[in-house]
Amino acid sequence: MSITLSDQDKSTLRTAAYGAVSLIAAATGSPHKTATNATIALTSATGLVGHVLAAKTKDIDLKGKTVAELADRVLPALTSAMKLLGKQAPAEADNFRGTILLAVEAAQVHPDKPSTVTAEMARKIAAALDTAGQDRPELQKAIEEVVDSGFVGVSLRVHEERGEWAGSAGAAELGGAAKPPTNGHIRIGSNTKTFTATLVLQLVAEGKIDLDTPAARYLPELGLDERITVRMLLQHTSGVFNYTGEVFDDGTIVLGIPIPYSTTGGEWLDNRFTTYRPQELVELALSKPARFEPGTGWSYSNTNYVLARLLIEKVTGRSLAEEMRRLILEPLGLS
């Protein structure tokens, strides 16, 4: 993709880049060393951005400014530079962003403990770079098309190399006018499997669980196949039927509990308030044919992680929620 930059555009890029260096240098106790380290990072940039930043000119006037004065000038310049590149060449925008962040990282190398002022300034610089990524018309168009296809409402949040973006389309509720919130609370669903697996591995480290021991040794009351190990549960290689339903290779469908993507709308609607105990889900799964012999294949099965939950509660004598608070949430300061 070709891109044409005017002299003013180039001046904006250089002011933003070297301004970021000056800003981070002003916030540290070793401004000369900091500026030197960061400038080396800037001049190592490649592509169009590299050529622009290498051609230093007298259009950069940032000496003798206070941190506050520099911030007022530099932070908007960083956002403007990202928008300028983003409109014409997104790859160069990513290159510019990465170069600035590399320079900021180089500037924070200090023999003493990191300065909180420097860290806060680095955060502001990153935020200024990311602000330009908030205008994502292609993402907004995509979620509007989803709504046009028949969905009531959609919220989308993206966090990637171009920064963070959040948007919504449609309605928050059927018949309503308000758009879905972009900062609402949602159930994170199967992401909890990551937490559950981590709990099991922490209990392995405590010597309470062995990964290669049959799960039936810990949960004898369930009648599990003795060949299924704890490791197989975590890796989805147990072959245990997925209680939400299975679609076999020959196209055969075996239904599980009513859920939106495996049953008709009416059946799900009639059962949407039904609550299942973990043991009930396991009993349902074990009443169905196994997907394959334990350890001979792979297939995603929610039942594996219900069994992992029961295993955690059996060996600790505490609920999954209590163990998650004890070993993960509280140590990490999560709510």
# chains A, B, ... in the order shown; residues from 1 in each chain; ligands from 1
>>> residues_around(residues="A:Leu23", least_positions_apart="2", cutoff="7 Å", atoms="only C-alpha atoms", output="PDB file with C-alpha atoms, in the first residue's frame")
ATOM      1  CA  GLY A  19       8.254  13.952  22.230  1.00  0.00           C
ATOM      2  CA  ALA A  20       7.472  10.574  23.800  1.00  0.00           C
ATOM      3  CA  VAL A  21      11.202  10.138  24.458  1.00  0.00           C
ATOM      4  CA  ALA A  25      13.087  11.203  30.055  1.00  0.00           C
ATOM      5  CA  ALA A  26      11.659  14.150  31.974  1.00  0.00           C
ATOM      6  CA  ALA A  27       9.866  11.742  34.298  1.00  0.00           C
ATOM      7  CA  VAL A  67       6.536  17.194  32.324  1.00  0.00           C
ATOM      8  CA  LEU A  70       5.276  18.132  27.451  1.00  0.00           C
ATOM      9  CA  ALA A  71       2.365  15.813  28.180  1.00  0.00           C
TER      10      ALA A  71
END
>>> select_by_dssp(residues="stretch 88-272 of chain A", states="strand (DSSP E or B)", output="list in words")
Gly153, Val154, Ser155, Leu156, Arg157, Val158, His159, Glu160, Gly163, Glu164, Trp165, Ala166, Gly167, Ser168, Ala169, Gly170, Pro214, Thr229, Gly245, Glu246, Val247, Ile253, Val254 and Leu255 of chain A
>>> write_last_selection(atoms="N, CA and C atoms", output="short mmCIF file (atom, residue, chain, number, x, y, z; two decimals), in the first residue's frame")
data_model
loop_
_atom_site.label_atom_id
_atom_site.label_comp_id
_atom_site.auth_asym_id
_atom_site.auth_seq_id
_atom_site.Cartn_x
_atom_site.Cartn_y
_atom_site.Cartn_z
N GLY A 153 -29.31 -8.05 19.68
CA GLY A 153 -28.23 -7.11 19.96
C GLY A 153 -26.89 -7.80 20.08
N VAL A 154 -25.83 -7.07 19.85
CA VAL A 154 -24.47 -7.61 19.91
C VAL A 154 -23.56 -6.59 20.57
N SER A 155 -22.70 -7.06 21.46
CA SER A 155 -21.62 -6.24 22.00
C SER A 155 -20.31 -6.91 21.62
N LEU A 156 -19.32 -6.11 21.27
CA LEU A 156 -18.02 -6.66 20.87
C LEU A 156 -16.91 -5.85 21.49
N ARG A 157 -15.93 -6.53 22.05
CA ARG A 157 -14.74 -5.87 22.57
C ARG A 157 -13.52 -6.56 21.98
N VAL A 158 -12.61 -5.77 21.45
CA VAL A 158 -11.40 -6.30 20.82
C VAL A 158 -10.19 -5.66 21.49
N HIS A 159 -9.21 -6.49 21.81
CA HIS A 159 -7.96 -5.97 22.37
C HIS A 159 -6.82 -6.66 21.63
N GLU A 160 -6.13 -5.91 20.75
CA GLU A 160 -5.07 -6.50 19.96
C GLU A 160 -4.00 -5.46 19.69
N GLY A 163 -4.71 -1.84 19.60
CA GLY A 163 -5.32 -1.25 20.78
C GLY A 163 -6.64 -1.90 21.13
N GLU A 164 -7.41 -1.23 21.96
CA GLU A 164 -8.69 -1.78 22.43
C GLU A 164 -9.85 -1.01 21.78
N TRP A 165 -10.87 -1.78 21.38
CA TRP A 165 -12.06 -1.18 20.79
C TRP A 165 -13.28 -1.88 21.34
N ALA A 166 -14.34 -1.13 21.60
CA ALA A 166 -15.59 -1.72 22.06
C ALA A 166 -16.74 -1.03 21.34
N GLY A 167 -17.71 -1.83 20.92
CA GLY A 167 -18.87 -1.27 20.24
C GLY A 167 -20.07 -2.17 20.40
N SER A 168 -21.24 -1.68 20.02
CA SER A 168 -22.46 -2.49 20.12
C SER A 168 -23.41 -2.10 19.01
N ALA A 169 -24.37 -2.97 18.75
CA ALA A 169 -25.37 -2.72 17.72
C ALA A 169 -26.67 -3.40 18.14
N GLY A 170 -27.79 -2.92 17.62
CA GLY A 170 -29.07 -3.51 17.96
C GLY A 170 -29.60 -2.98 19.27
N PRO A 214 -6.34 -42.88 37.79
CA PRO A 214 -7.72 -42.92 37.29
C PRO A 214 -8.62 -41.99 38.11
N THR A 229 -8.04 -41.15 33.14
CA THR A 229 -7.20 -40.50 34.14
C THR A 229 -7.60 -39.03 34.31
N GLY A 245 -24.61 -32.48 24.38
CA GLY A 245 -24.93 -33.12 23.10
C GLY A 245 -23.69 -33.40 22.26
N GLU A 246 -23.81 -34.38 21.39
CA GLU A 246 -22.70 -34.78 20.54
C GLU A 246 -23.15 -34.88 19.08
N VAL A 247 -22.27 -34.49 18.18
CA VAL A 247 -22.47 -34.74 16.76
C VAL A 247 -21.33 -35.67 16.33
N ILE A 253 -26.63 -37.33 15.55
CA ILE A 253 -26.73 -36.35 16.63
C ILE A 253 -27.37 -37.01 17.84
N VAL A 254 -26.70 -36.93 18.98
CA VAL A 254 -27.26 -37.43 20.23
C VAL A 254 -27.43 -36.23 21.14
N LEU A 255 -28.67 -35.92 21.48
CA LEU A 255 -28.96 -34.73 22.27
C LEU A 255 -28.61 -34.90 23.73
#
>>> residues_around(residues="stretch 181-198 of chain A", least_positions_apart="2", cutoff="10 Å", atoms="only C-alpha atoms", output="PDB file with C-alpha atoms, in the first residue's frame")
ATOM      1  CA  GLY A 153     -28.232  -7.108  19.960  1.00  0.00           C
ATOM      2  CA  VAL A 154     -24.475  -7.607  19.911  1.00  0.00           C
ATOM      3  CA  SER A 155     -21.622  -6.242  22.004  1.00  0.00           C
ATOM      4  CA  LEU A 156     -18.020  -6.661  20.869  1.00  0.00           C
ATOM      5  CA  ARG A 157     -14.742  -5.871  22.571  1.00  0.00           C
ATOM      6  CA  TRP A 165     -12.061  -1.175  20.790  1.00  0.00           C
ATOM      7  CA  ALA A 166     -15.593  -1.720  22.058  1.00  0.00           C
ATOM      8  CA  GLY A 167     -18.866  -1.265  20.236  1.00  0.00           C
ATOM      9  CA  SER A 168     -22.455  -2.493  20.118  1.00  0.00           C
ATOM     10  CA  ALA A 169     -25.374  -2.720  17.715  1.00  0.00           C
ATOM     11  CA  ALA A 171     -31.007  -3.408  21.214  1.00  0.00           C
ATOM     12  CA  ALA A 172     -30.175  -4.409  24.773  1.00  0.00           C
ATOM     13  CA  ALA A 178     -31.347   1.245  24.195  1.00  0.00           C
ATOM     14  CA  LYS A 179     -28.216  -0.242  22.632  1.00  0.00           C
ATOM     15  CA  VAL A 200      -6.318 -29.077  39.524  1.00  0.00           C
ATOM     16  CA  LEU A 201      -2.672 -28.433  38.652  1.00  0.00           C
ATOM     17  CA  GLN A 202      -2.186 -26.443  41.857  1.00  0.00           C
ATOM     18  CA  LEU A 203      -3.615 -29.376  43.813  1.00  0.00           C
ATOM     19  CA  VAL A 204      -1.229 -31.647  41.924  1.00  0.00           C
ATOM     20  CA  ARG A 231      -5.062 -35.841  32.770  1.00  0.00           C
ATOM     21  CA  LEU A 233     -10.326 -35.038  31.784  1.00  0.00           C
ATOM     22  CA  LEU A 234      -8.278 -31.855  31.486  1.00  0.00           C
ATOM     23  CA  GLN A 235      -7.158 -32.645  27.931  1.00  0.00           C
ATOM     24  CA  ASN A 302     -18.147 -30.098  29.079  1.00  0.00           C
ATOM     25  CA  ASN A 304     -14.836 -33.483  31.656  1.00  0.00           C
ATOM     26  CA  TYR A 305     -14.777 -30.230  33.572  1.00  0.00           C
ATOM     27  CA  VAL A 306     -17.829 -31.015  35.662  1.00  0.00           C
ATOM     28  CA  ALA A 308     -12.833 -31.940  37.411  1.00  0.00           C
ATOM     29  CA  ARG A 309     -14.989 -29.720  39.617  1.00  0.00           C
ATOM     30  CA  ILE A 312     -11.537 -30.704  43.363  1.00  0.00           C
ATOM     31  CA  LEU A 320     -15.006 -25.011  43.812  1.00  0.00           C
ATOM     32  CA  GLU A 323     -10.851 -23.184  46.293  1.00  0.00           C
ATOM     33  CA  MET A 324     -10.876 -20.706  43.428  1.00  0.00           C
ATOM     34  CA  LEU A 327      -5.737 -20.358  45.139  1.00  0.00           C
ATOM     35  CA  ILE A 328      -6.459 -17.955  42.277  1.00  0.00           C
ATOM     36  CA  LEU A 329      -8.755 -14.990  42.865  1.00  0.00           C
TER      37      LEU A 329
END
>>> atom_distance(atom1="atom CA of A:Glu293", atom2="atom CA of A:Phe248")
14.1 Å
